[in-house]
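**Q** What follows is a structure written as structure tokens; I'll ask about it next.
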Amino acid sequence: MLDVARHFFGVADLKKYIDLLAAYKINVLHLHLTDDQGWRIEIKSWPNLTAHGGQTAINGDPGGFYTQEQYAEIVAYAQSRYITIVPEIDLPGHTNAALASYPELNCDGQAPELYTGSEVGFSSLCIHKELTYQFLEDVLRELAAMTPGPYLHIGGDEAHSTPKDDYINFIERLAPLVAESGKRMMGWEEIVQCHLPANSVMQYWTDVRHAEMAVEKSVQMIVCPAKRAYLDMKYDDATPLGLSWAGTVSVEQAYTWDPVTEVRGLAESAIVGVEAPLWSETLRTLADVEFMTFPRLPGIAEIGWSAAEGRGWEEYQGRLAAQGPRWEARGVNFYRAPEIPWES
Ligand code: ACM
């Protein structure tokens with residue numbers, strides 16, 4: 001997953017990133033397309049989402065958005081490298097950019113200012129307004145039409161400004177809209193508190209109780225625990241980019257875990273895959289994105305594609321080191337973790 005909302009990365013950047021992912025058999029790219037700081041995908045029936053809500057990014061950095069034509073180009077480029085794009089519209093929180101673009105979406109009819117800070121949890125769609133659901137129907141219809149892949153991701157995380165009952169009502173009203181669009185619903189782990197269609201997928205990212213609830217309810221899961229798989233966590237305390245709310249994640253920590261043993265009772269058949277999310281609060285350029293992605297991502301890919309008994313940290317380090325010259329040759333700004341015996 002790449003967060004193109006906190007900072008925006010244009011078509012050329014995404015194509016280069018897709019090439020780098022494909023080299024490690026990453027076969028899905030989840031794009032976090034909307035958040036408080038920016039709305040990045042053109043919705044023709046609600047043009048202000050991008051005309052107004054796409055202008056900003058964190059810290060006043062340049063905004064931007066993909067036209068539907070550009071998005072089609074990204075999807076086709078990814079497809080040509082066997083990568084499926086999963087688009088995410090984060091709901092009902094993380095919606096300040098949308099609320100700022102359309103006053104009528106707000107409960108009080110007043111549009112908030114555009115937001116360029118890094119707080120989370122302060123925005124919510126107006127759960128008891130019918131217009132909210134007309135809006136979502138339009139957005140999901142256009143998004144589904146742009147999406148040849150099977151999934152639409154509806155976010156659902158950190159809705160701290162939505163009362164819990166409202167949150168549950170909201171997700172349970174949203175789920176049939178996703179189904180009507182012909183797609184499978186995907187959401188962050190919090191959605192497991194709701195009654196979900198049987199084919200829904202939740203993403204375990206921080207609270208193992210949500211993952212255990214998914215096991216109880218037989219909800220399929222993507223395993224991406226922040227303390228192992230979040231590429232925006234710093235490598236160590238000296239890393240100049242990234243965050244550390246889930247701790248630091250060394251190259252070794254990103255490699256030496258197993259999705260099957262991460263959650264009690266989780267059956268391998270319930271795991272849809274692993275994911276390595278990269279949130280972009282502190283990442284302004286593709287070089288920054290590369291620095292946090294490499295060399296950790298190949299380890300996550302190997303976890304996704306290989307049996308646990310074949311993986312070992314000692315042996316892996318040599319194979320990882322051999323990737324260094326390849327990244328150098330391609331101009332990839334990877335982090336030269338001192339514990340890896342890089343070939344020069
Ligand atoms: C998340 O990291 N807020 C899913």
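Chain lettering (A, B, ...) mirrors the order of the structure tokens, residue numbering begins at 1 for each chain separately, and ligand numbering begins at 1 in order of display.
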Select from chain A every residue with an atom at most 8 Å from any atom of ligand 1, then for each give the shortest pair of atoms and their distance in Å to one decimal, using only C-alpha atoms and all ligand atoms, rows by chain and rising number, as a tab-separated table.
**A**
residue	atom	partner	partner_atom_place_in_ligand_line	distance
A:Gly155	CA	ligand 1	4 (C)	7.7
A:Asp157	CA	ligand 1	3 (N)	5.4
A:Glu158	CA	ligand 1	3 (N)	6.1
A:Trp188	CA	ligand 1	4 (C)	5.8
A:Glu189	CA	ligand 1	4 (C)	7.8
A:Trp205	CA	ligand 1	4 (C)	6.2
A:Thr206	CA	ligand 1	2 (O)	7.7
A:Ala226	CA	ligand 1	2 (O)	7.5
A:Pro277	CA	ligand 1	2 (O)	7.9
A:Trp279	CA	ligand 1	2 (O)	7.6
**Q** Report the residues of range 29-223 of chain A whose backbone DSSP state falls under helix (DSSP H, G or I), written as an NGL selection string.
**A** :A and (48-51 or 58-60 or 68-80 or 96-101 or 103-105 or 130-145 or 164-180 or 189-193 or 208-217)
**Q** Report as a ChimeraX atom specification all protein, DNA and RNA residues lying within 9 Å of Gln110 in chain A, evaluated on only C-alpha atoms, omitting residues in the same chain fewer than 6 positions from it.
**A** /A:99-100,102-104
**Q** Just checking: using only C-alpha atoms, which residue out of A:Val332, A:Thr67, A:Tyr151, A:Asp166 ends up closest to Val289 in chain A?
**A**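 Looking only at the distances to Val289 in chain A, the closest residue turns out to be A:Val332.
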**Q** At what distance in Å, to one decimal, does CA of Arg173 in chain A lie from CA of Val274 in chain A?
**A**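 Distance reported for this atom pair: 27.6 Å.
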**Q** Find the residues around Gln220 in chain A up to 6 Å (only C-alpha atoms counted), leave out those fewer than 6 positions away in its own chain, and share them as number ranges by chain.
**A** A: 201, 270-271
**Q** Generate a file of the selected residues that holds N, CA and C atoms, formatted as a PDB file, in the first residue's frame.
**A**
ATOM      1  N   VAL A 201     -13.055  -8.608   3.334  1.00  0.00           N
ATOM      2  CA  VAL A 201     -11.683  -8.840   3.797  1.00  0.00           C
ATOM      3  C   VAL A 201     -11.296  -7.713   4.750  1.00  0.00           C
ATOM      4  N   ALA A 270      -7.636 -18.703   5.820  1.00  0.00           N
ATOM      5  CA  ALA A 270      -8.347 -17.442   6.052  1.00  0.00           C
ATOM      6  C   ALA A 270      -7.496 -16.230   5.689  1.00  0.00           C
ATOM      7  N   ILE A 271      -6.249 -16.470   5.342  1.00  0.00           N
ATOM      8  CA  ILE A 271      -5.335 -15.367   5.023  1.00  0.00           C
ATOM      9  C   ILE A 271      -5.362 -15.102   3.523  1.00  0.00           C
TER      10      ILE A 271
END
**Q** I want to know what sits within 8 Å of Ser181 in chain A, based on only C-alpha atoms, with residues of the same chain fewer than 4 positions away left out; could you give that as a ChimeraX atom specification?
**A** /A:140-141,144,177
**Q** Between A:Ile18, A:Thr282, A:Val75, A:Ser80, which has the minimum distance to Thr239 in chain A (counting only C-alpha atoms)?
**A**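 Closest candidate: A:Thr282.
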**Q** Which is closest to Thr34 in chain A among A:Val11, A:Ile154, A:Cys224, A:Ala76, if we use only C-alpha atoms?
**A**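 The answer is A:Ile154, which sits nearest to Thr34 in chain A.
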**Q** Please identify the strand (DSSP E) residues within range 85-205 of chain A (assignment by DSSP from backbone atoms) and present them as a list in words.
**A**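 Filtering range 85-205 of chain A to strand (DSSP E) leaves Ile85, Val86, Pro87, Glu88, Ile89, Asp90, Leu91, Tyr151, Leu152, His153, Ile154, Gly155, Arg184, Met185, Met186, Gly187, Trp188, Val201, Met202, Gln203 and Tyr204 of chain A.
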**Q** Take the residues from that selection and put them in a file with N, CA, C and O atoms, as a short mmCIF file (atom, residue, chain, number, x, y, z; two decimals), in the first residue's frame.
**A**
data_model
loop_
_atom_site.label_atom_id
_atom_site.label_comp_id
_atom_site.auth_asym_id
_atom_site.auth_seq_id
_atom_site.Cartn_x
_atom_site.Cartn_y
_atom_site.Cartn_z
N ILE A 85 -4.48 -3.22 -8.95
CA ILE A 85 -4.63 -2.04 -8.09
C ILE A 85 -5.90 -2.20 -7.25
O ILE A 85 -6.97 -2.51 -7.78
N VAL A 86 -5.77 -1.98 -5.93
CA VAL A 86 -6.92 -1.92 -5.04
C VAL A 86 -7.07 -0.46 -4.60
O VAL A 86 -6.21 0.06 -3.89
N PRO A 87 -8.15 0.21 -5.03
CA PRO A 87 -8.33 1.61 -4.65
C PRO A 87 -9.00 1.72 -3.29
O PRO A 87 -9.95 1.00 -2.99
N GLU A 88 -8.51 2.64 -2.46
CA GLU A 88 -9.14 2.89 -1.15
C GLU A 88 -9.67 4.31 -1.08
O GLU A 88 -8.96 5.27 -1.33
N ILE A 89 -10.95 4.40 -0.69
CA ILE A 89 -11.57 5.66 -0.28
C ILE A 89 -11.78 5.51 1.22
O ILE A 89 -12.57 4.66 1.64
N ASP A 90 -11.08 6.27 2.02
CA ASP A 90 -11.13 6.06 3.48
C ASP A 90 -12.39 6.73 4.06
O ASP A 90 -12.58 7.94 3.93
N LEU A 91 -13.23 5.90 4.72
CA LEU A 91 -14.53 6.32 5.24
C LEU A 91 -14.76 5.71 6.62
O LEU A 91 -14.20 4.64 6.86
N TYR A 151 -11.58 -5.83 -5.82
CA TYR A 151 -11.76 -5.21 -4.51
C TYR A 151 -11.97 -3.70 -4.57
O TYR A 151 -11.30 -3.01 -5.33
N LEU A 152 -12.87 -3.22 -3.68
CA LEU A 152 -12.91 -1.80 -3.32
C LEU A 152 -12.63 -1.73 -1.83
O LEU A 152 -13.23 -2.45 -1.04
N HIS A 153 -11.71 -0.84 -1.46
CA HIS A 153 -11.32 -0.68 -0.05
C HIS A 153 -12.02 0.56 0.50
O HIS A 153 -11.90 1.64 -0.10
N ILE A 154 -12.75 0.41 1.59
CA ILE A 154 -13.53 1.53 2.13
C ILE A 154 -12.91 2.11 3.41
O ILE A 154 -13.57 2.86 4.13
N GLY A 155 -11.66 1.77 3.68
CA GLY A 155 -10.99 2.37 4.85
C GLY A 155 -11.58 1.84 6.15
O GLY A 155 -11.45 0.67 6.46
N ARG A 184 -15.81 -6.79 -4.12
CA ARG A 184 -15.65 -7.27 -2.75
C ARG A 184 -15.18 -6.13 -1.87
O ARG A 184 -14.30 -5.37 -2.26
N MET A 185 -15.72 -6.07 -0.66
CA MET A 185 -15.35 -5.00 0.25
C MET A 185 -14.12 -5.37 1.06
O MET A 185 -14.03 -6.45 1.63
N MET A 186 -13.19 -4.44 1.09
CA MET A 186 -12.02 -4.57 1.93
C MET A 186 -12.00 -3.38 2.88
O MET A 186 -12.45 -2.29 2.50
N GLY A 187 -11.51 -3.59 4.10
CA GLY A 187 -11.42 -2.47 5.04
C GLY A 187 -10.39 -2.76 6.10
O GLY A 187 -9.97 -3.91 6.29
N TRP A 188 -9.96 -1.71 6.81
CA TRP A 188 -9.04 -1.89 7.95
C TRP A 188 -9.74 -2.65 9.06
O TRP A 188 -10.97 -2.79 9.05
N VAL A 201 -13.05 -8.61 3.33
CA VAL A 201 -11.68 -8.84 3.80
C VAL A 201 -11.30 -7.71 4.75
O VAL A 201 -11.51 -6.54 4.45
N MET A 202 -10.77 -8.10 5.93
CA MET A 202 -10.27 -7.07 6.86
C MET A 202 -8.75 -7.11 6.91
O MET A 202 -8.13 -8.13 6.63
N GLN A 203 -8.19 -5.96 7.26
CA GLN A 203 -6.73 -5.85 7.36
C GLN A 203 -6.32 -5.66 8.80
O GLN A 203 -6.56 -4.59 9.39
N TYR A 204 -5.67 -6.68 9.36
CA TYR A 204 -5.16 -6.58 10.72
C TYR A 204 -3.91 -5.71 10.72
O TYR A 204 -2.91 -6.07 10.10
#
**Q** Of the candidates A:Asp13, A:Glu216, A:Glu130, A:Asp36, which one gets nearest to Gln55 in chain A if we count only C-alpha atoms?
**A**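 Among the listed residues, the smallest separation from Gln55 in chain A belongs to A:Asp36.
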**Q** Between A:Leu131, A:Ile74, A:Val4, A:Leu20, single out the one closest to Arg40 in chain A, counting only C-alpha atoms.
**A**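 Looking only at the distances to Arg40 in chain A, the closest residue turns out to be A:Val4.
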**Q** Using only C-alpha atoms, which residue out of A:Val178, A:Val192, A:Val249, A:Leu125 lies closest to Glu137 in chain A?
**A**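 When distances to Glu137 in chain A are compared using only C-alpha atoms, the smallest one comes from A:Val178.
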**Q** Please provide the set of residues having any atom within 10 Å of Thr132 in chain A, restricted to only C-alpha atoms, with same-chain residues fewer than 3 positions apart removed, written as a list in words.
**A**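 So, after excluding close chain neighbours, the residues are Pro92, Glu104, Leu105, Asn106, Cys107, Leu125, Cys126, Ile127, His128, Lys129, Phe135, Leu136, Glu137 and Phe170 of chain A.
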**Q** Keeping all heavy atoms for every residue in the selection just given, could you write it to a file as a short mmCIF file (atom, residue, chain, number, x, y, z; two decimals), in the first residue's frame?
**A**
data_model
loop_
_atom_site.label_atom_id
_atom_site.label_comp_id
_atom_site.auth_asym_id
_atom_site.auth_seq_id
_atom_site.Cartn_x
_atom_site.Cartn_y
_atom_site.Cartn_z
N PRO A 92 -15.58 6.25 7.47
CA PRO A 92 -16.22 7.57 7.42
C PRO A 92 -15.33 8.67 8.01
O PRO A 92 -15.62 9.84 7.89
CB PRO A 92 -17.47 7.38 8.30
CG PRO A 92 -17.00 6.40 9.35
CD PRO A 92 -16.03 5.47 8.65
N GLU A 104 -22.43 20.78 1.87
CA GLU A 104 -23.67 20.04 2.12
C GLU A 104 -23.42 18.64 2.66
O GLU A 104 -24.34 17.99 3.15
CB GLU A 104 -24.53 19.99 0.85
CG GLU A 104 -23.91 19.32 -0.36
CD GLU A 104 -23.12 20.28 -1.27
OE1 GLU A 104 -22.46 21.21 -0.76
OE2 GLU A 104 -23.15 20.07 -2.51
N LEU A 105 -22.19 18.16 2.61
CA LEU A 105 -21.90 16.84 3.20
C LEU A 105 -21.74 16.93 4.72
O LEU A 105 -21.71 15.90 5.40
CB LEU A 105 -20.62 16.25 2.60
CG LEU A 105 -20.72 15.71 1.17
CD1 LEU A 105 -19.34 15.23 0.70
CD2 LEU A 105 -21.74 14.58 1.05
N ASN A 106 -21.60 18.14 5.24
CA ASN A 106 -21.40 18.30 6.69
C ASN A 106 -22.74 18.37 7.41
O ASN A 106 -23.72 18.90 6.88
CB ASN A 106 -20.61 19.59 6.94
CG ASN A 106 -19.20 19.52 6.37
OD1 ASN A 106 -18.27 19.15 7.06
ND2 ASN A 106 -19.05 19.85 5.09
N CYS A 107 -22.79 17.86 8.62
CA CYS A 107 -24.04 17.87 9.40
C CYS A 107 -24.55 19.30 9.57
O CYS A 107 -25.76 19.53 9.53
CB CYS A 107 -23.83 17.22 10.76
SG CYS A 107 -23.64 15.42 10.67
N LEU A 125 -17.78 11.73 8.12
CA LEU A 125 -18.94 12.00 7.28
C LEU A 125 -20.16 12.11 8.19
O LEU A 125 -20.16 11.60 9.31
CB LEU A 125 -19.16 10.87 6.27
CG LEU A 125 -18.14 10.79 5.12
CD1 LEU A 125 -18.46 9.57 4.24
CD2 LEU A 125 -18.16 12.06 4.26
N CYS A 126 -21.23 12.76 7.67
CA CYS A 126 -22.46 12.92 8.45
C CYS A 126 -23.31 11.65 8.25
O CYS A 126 -23.89 11.43 7.20
CB CYS A 126 -23.20 14.17 7.97
SG CYS A 126 -24.58 14.58 9.03
N ILE A 127 -23.33 10.83 9.30
CA ILE A 127 -23.88 9.48 9.20
C ILE A 127 -25.39 9.48 8.97
O ILE A 127 -25.94 8.58 8.35
CB ILE A 127 -23.54 8.67 10.48
CG1 ILE A 127 -22.02 8.69 10.75
CG2 ILE A 127 -24.07 7.25 10.41
CD1 ILE A 127 -21.14 8.13 9.67
N HIS A 128 -26.09 10.51 9.51
CA HIS A 128 -27.56 10.52 9.44
C HIS A 128 -28.12 11.40 8.33
O HIS A 128 -29.26 11.82 8.38
CB HIS A 128 -28.14 10.93 10.80
CG HIS A 128 -27.74 9.97 11.89
ND1 HIS A 128 -28.28 8.72 11.99
CD2 HIS A 128 -26.80 10.06 12.85
CE1 HIS A 128 -27.71 8.07 13.00
NE2 HIS A 128 -26.81 8.87 13.55
N LYS A 129 -27.31 11.69 7.35
CA LYS A 129 -27.77 12.52 6.24
C LYS A 129 -27.88 11.64 4.99
O LYS A 129 -26.92 10.98 4.62
CB LYS A 129 -26.72 13.63 6.01
CG LYS A 129 -27.26 14.93 5.53
CD LYS A 129 -26.17 16.01 5.58
CE LYS A 129 -26.84 17.37 5.41
NZ LYS A 129 -25.90 18.48 5.52
N PHE A 135 -23.86 10.40 -2.16
CA PHE A 135 -22.45 10.69 -2.46
C PHE A 135 -21.66 9.39 -2.60
O PHE A 135 -20.94 9.18 -3.58
CB PHE A 135 -21.91 11.57 -1.32
CG PHE A 135 -20.41 11.69 -1.25
CD1 PHE A 135 -19.71 12.42 -2.20
CD2 PHE A 135 -19.69 11.11 -0.20
CE1 PHE A 135 -18.32 12.55 -2.12
CE2 PHE A 135 -18.32 11.24 -0.12
CZ PHE A 135 -17.62 11.96 -1.08
N LEU A 136 -21.83 8.50 -1.64
CA LEU A 136 -21.06 7.25 -1.65
C LEU A 136 -21.45 6.36 -2.83
O LEU A 136 -20.59 5.71 -3.43
CB LEU A 136 -21.24 6.52 -0.33
CG LEU A 136 -20.63 7.26 0.85
CD1 LEU A 136 -20.99 6.59 2.16
CD2 LEU A 136 -19.12 7.36 0.70
N GLU A 137 -22.73 6.36 -3.15
CA GLU A 137 -23.16 5.57 -4.30
C GLU A 137 -22.47 6.06 -5.57
O GLU A 137 -22.00 5.26 -6.37
CB GLU A 137 -24.69 5.72 -4.45
CG GLU A 137 -25.41 4.43 -4.70
CD GLU A 137 -26.91 4.66 -4.78
OE1 GLU A 137 -27.51 5.03 -3.73
OE2 GLU A 137 -27.46 4.48 -5.87
N PHE A 170 -23.13 2.83 9.69
CA PHE A 170 -22.54 3.36 8.45
C PHE A 170 -21.92 2.24 7.62
O PHE A 170 -22.21 2.10 6.43
CB PHE A 170 -21.49 4.42 8.79
CG PHE A 170 -20.75 4.93 7.59
CD1 PHE A 170 -21.30 5.91 6.78
CD2 PHE A 170 -19.51 4.40 7.26
CE1 PHE A 170 -20.63 6.35 5.65
CE2 PHE A 170 -18.83 4.85 6.13
CZ PHE A 170 -19.38 5.82 5.33
#
**Q** Give me, please, the distance in Å between CA of Arg264 in chain A and CA of Ala211 in chain A, quoted to one decimal.
**A**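 Between CA of Arg264 in chain A and CA of Ala211 in chain A the gap is 8.7 Å.
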**Q** List the spatial neighbours of Ile340 in chain A as a list in words - criterion: any atom at most 9 Å away, only C-alpha atoms, same-chain residues fewer than 2 positions off excluded.
**A**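 Once the adjacent positions are removed, what remains is Val251, Gln317, Gly318, Leu320, Ala321, Arg336, Ala337, Pro338 and Trp342 of chain A.
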